[in-house]
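K.L.:
Pasting in a structure now, in structure tokens, and then I'll have a few things to ask.
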Amino acid sequence: MTLTAPPPAAPQEPAPAGPAVAPRKPPRPRRPGRPDAAGAYGTALLILAALVFGLLLDIGPIGDVRHARDRETSYAALRKDLAEGTIPVGQTDSSGTLVRQGRPVALLTIPQLGLKEVVLEGTTSGVLATGVGHRRDTPLPGQAGTSVLMGRQSGFGGPFGHLSELRPSETFTVLTGQGTQTFRVLDVRRAGDPVPPALADGAARLVLVTADGPAFTPDGLLLVDADLVGKVLPAPARPLGSDGLAAAEKPMGIDPSAWVPLVLWAEALLLAAVGVTLARLRWGRWQAWICGVPVLGALGLSVADQVVRLLPNLI
């Protein structure tokens, strides 16, 4: 058997020479925690939107719910004071000190408007966020002189939002520690309207005051004058006069004491916003917002509470 060698391999042609291609560099990895400008701006805008939305909720739907809760709480406190005979009937309590602002002193009932509101002592923006307020430099309803009750037009339930629907000769009642008094409406007036006749000596009048104009953007005051029907009640001495009343308690007044808590809550909100932004860069968008939204929401509402106190007290 004869062995034959395999045929020689055909020579391969060399590959045509071409330009050398440099290898592509891998993408440079982003350093962890490096700020993303677009993401930071987006987060800031979302936080700003949450603050504005929180303010609208605070004086709108959430404010209505809070007003309903505060009304029930104040009504329970009023019933307790009436039952125990400790309800104030003047500017001072049994110890001779001025009645604490926010303490229930009366119950206003206007059946025509479906209104039944606890009257609280004081008329600052904070007090009127919880109900109708009694101006402290005036007597209580039914006592000799002109008593003034103030209430919000739109925010926090807007208890006085329908006062313009009252008509002359209609009646309503006010319950105080001295009993139930009935008042008859004289007129509903705005700026420039005729003023009712001067109050006779020893008579009693009640003036209901709220804002007038579009909701949350009032352009004046609306007043309802009503005279007492029945016997005038005795009035204790009133050590606090109109000269001693703070500007925050007058119509359309703002409460400057809200500035300090506003700054503190705003600082807390700023720190929380920075924390959410850093968490977004490290954890991811959804993880950061799931953890941060409840905190930002609570702090945003706290800031909104103080901002509301800096707004006119009748809106």
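Each chain in the structure tokens gets a letter, A, B, ..., in the order shown, and its residues are numbered from 1; ligands are numbered from 1 in order too.
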Which residues are close to A:Leu128, i.e. within 9 Å by only C-alpha atoms, leaving aside same-chain residues fewer than 2 positions away? Reply as a list in words.
P.N.:
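The residues that qualify are Gly102, Leu120, Gly122, Thr123, Thr124, Ser125, Gly126, Thr130, Gly131, Val132, Gly133, Met150, Gly151, Arg152, Phe156, Asn313 and Leu314 of chain A.
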K.L.:
Name the residues of stretch 53-137 of chain A that come out as strand (DSSP E) in a backbone DSSP run; write them as a ChimeraX atom specification.
P.N.:
/A:104-110,115-121,132-134
K.L.:
Would you save the residues from that selection as an mmCIF file, in the first residue's frame, using C-alpha atoms?
P.N.:
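Contents of selection.cif, freshly written:
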data_model
loop_
_atom_site.group_PDB
_atom_site.id
_atom_site.type_symbol
_atom_site.label_atom_id
_atom_site.label_comp_id
_atom_site.auth_asym_id
_atom_site.auth_seq_id
_atom_site.Cartn_x
_atom_site.Cartn_y
_atom_site.Cartn_z
ATOM 1 C CA PRO A 104 -66.223 79.308 74.081
ATOM 2 C CA VAL A 105 -68.522 82.081 75.351
ATOM 3 C CA ALA A 106 -71.784 81.732 73.371
ATOM 4 C CA LEU A 107 -73.757 79.790 70.773
ATOM 5 C CA LEU A 108 -75.037 81.579 67.654
ATOM 6 C CA THR A 109 -78.034 80.051 65.837
ATOM 7 C CA ILE A 110 -79.425 81.448 62.563
ATOM 8 C CA LEU A 115 -76.002 78.067 60.912
ATOM 9 C CA LYS A 116 -75.209 76.907 64.435
ATOM 10 C CA GLU A 117 -71.765 78.065 65.540
ATOM 11 C CA VAL A 118 -69.958 78.254 68.853
ATOM 12 C CA VAL A 119 -68.711 81.774 69.547
ATOM 13 C CA LEU A 120 -65.130 81.958 70.823
ATOM 14 C CA GLU A 121 -63.445 84.793 72.667
ATOM 15 C CA VAL A 132 -66.921 82.564 65.044
ATOM 16 C CA GLY A 133 -65.129 85.075 67.265
ATOM 17 C CA HIS A 134 -66.340 87.692 69.750
#
K.L.:
Write out as an mmCIF file with C-alpha atoms, in the first residue's frame the residues lying within 10 Å of A:Gln306, counting only C-alpha atoms and excluding same-chain residues fewer than 5 positions away.
P.N.:
data_model
loop_
_atom_site.group_PDB
_atom_site.id
_atom_site.type_symbol
_atom_site.label_atom_id
_atom_site.label_comp_id
_atom_site.auth_asym_id
_atom_site.auth_seq_id
_atom_site.Cartn_x
_atom_site.Cartn_y
_atom_site.Cartn_z
ATOM 1 C CA LEU A 55 -52.049 75.829 51.345
ATOM 2 C CA SER A 125 -56.848 84.836 62.437
ATOM 3 C CA GLY A 126 -55.998 81.779 64.522
ATOM 4 C CA ASP A 255 -51.471 87.849 63.202
ATOM 5 C CA PRO A 256 -47.764 88.823 63.351
ATOM 6 C CA SER A 257 -47.094 86.251 66.087
ATOM 7 C CA ALA A 258 -47.144 83.618 63.318
ATOM 8 C CA TRP A 259 -43.743 84.708 61.986
ATOM 9 C CA VAL A 260 -41.620 82.809 64.518
ATOM 10 C CA PRO A 261 -43.336 79.409 64.113
ATOM 11 C CA LEU A 262 -43.462 79.991 60.347
ATOM 12 C CA VAL A 263 -39.676 80.388 60.179
ATOM 13 C CA TRP A 265 -41.495 75.105 60.308
ATOM 14 C CA ALA A 266 -40.029 76.446 57.057
ATOM 15 C CA LEU A 301 -49.492 71.708 56.161
ATOM 16 C CA LEU A 311 -53.656 86.386 55.859
#
K.L.:
What gap, in Å, lies between atom CA of A:Ala304 and atom CA of A:Phe53?
P.N.:
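Separating atom CA of A:Ala304 from atom CA of A:Phe53 is a distance of 9.6 Å.
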K.L.:
Taking only C-alpha atoms into account, which of A:Pro239, A:Gly179, A:Leu223, A:Glu165 comes nearest A:Asp193?
P.N.:
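Checking each candidate against A:Asp193, we get A:Leu223 as the closest.
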K.L.:
Name all residues at most 10 Å from A:Val89 (count only C-alpha atoms; drop same-chain ones fewer than 3 positions away) and give them as a PyMOL selection string.
P.N.:
chain A and resi 86+92-94+99+105-106+139-141+143+176-178+234-236
K.L.:
Taking into account only C-alpha atoms, which residue in the set A:Gly300, A:Leu175, A:Leu222, A:Phe216 is nearest to A:Gly192?
P.N.:
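With only C-alpha atoms as the atom set, the closest residue is A:Leu222.
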K.L.:
Show me, as a list in words, the residues that have an atom within 9 Å of A:Gly230 when counting only C-alpha atoms, minus same-chain residues fewer than 4 positions from it.
P.N.:
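In the requested form, the answer reads Gly142, Gln181, Thr182 and Phe183 of chain A.
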K.L.:
Give me a file of those residues, with C-alpha atoms, as a compact mmCIF listing (two decimals), in the first residue's frame.
P.N.:
# COMPACT_ATOMS: atom_id res chain seq x y z
CA GLY A 142 -77.60 90.88 74.89
CA GLN A 181 -81.38 86.34 73.56
CA THR A 182 -83.31 87.02 70.36
CA PHE A 183 -82.18 89.60 67.79
K.L.:
Enumerate as an MDAnalysis selection string all residues of stretch 187-309 of chain A assigned to helix (DSSP H, G or I) by DSSP on the backbone, naming them with the chain letters and numbers the document uses.
P.N.:
chainID A and resid 242:244 247:249 256:283 285:309
K.L.:
Give me the residues within 10 Å of A:Ala279 as a list in words, counting only C-alpha atoms and dropping any in the same chain fewer than 6 places off.
P.N.:
Gly33, Ala273, Arg285, Trp286, Gln287, Ala288, Trp289, Cys291 and Gly292 of chain A
K.L.:
Take the selection from the previous step and output its residues with C-alpha atoms, as a PDB file, in the first residue's frame.
P.N.:
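Saved to part19.pdb:
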ATOM      1  CA  GLY A  33     -24.117  60.638  44.722  1.00  0.00           C
ATOM      2  CA  ALA A 273     -36.579  68.760  51.090  1.00  0.00           C
ATOM      3  CA  ARG A 285     -37.042  58.507  42.377  1.00  0.00           C
ATOM      4  CA  TRP A 286     -39.918  56.371  43.587  1.00  0.00           C
ATOM      5  CA  GLN A 287     -38.194  55.098  46.709  1.00  0.00           C
ATOM      6  CA  ALA A 288     -37.386  58.658  47.770  1.00  0.00           C
ATOM      7  CA  TRP A 289     -40.894  59.959  47.155  1.00  0.00           C
ATOM      8  CA  CYS A 291     -40.571  57.892  52.037  1.00  0.00           C
ATOM      9  CA  GLY A 292     -40.561  61.669  51.607  1.00  0.00           C
TER      10      GLY A 292
END
K.L.:
Looking at only C-alpha atoms, which of A:Ala246, A:Ala68, A:Met252, A:Leu163 is the one that sits closest to A:Thr217?
P.N.:
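The answer is A:Met252, which sits nearest to A:Thr217.
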K.L.:
Quick one: pull the distance between atom CA of A:Arg103 and atom CA of A:Phe172, Å, one decimal.
P.N.:
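Atom CA of A:Arg103 sits 22.3 Å away from atom CA of A:Phe172.
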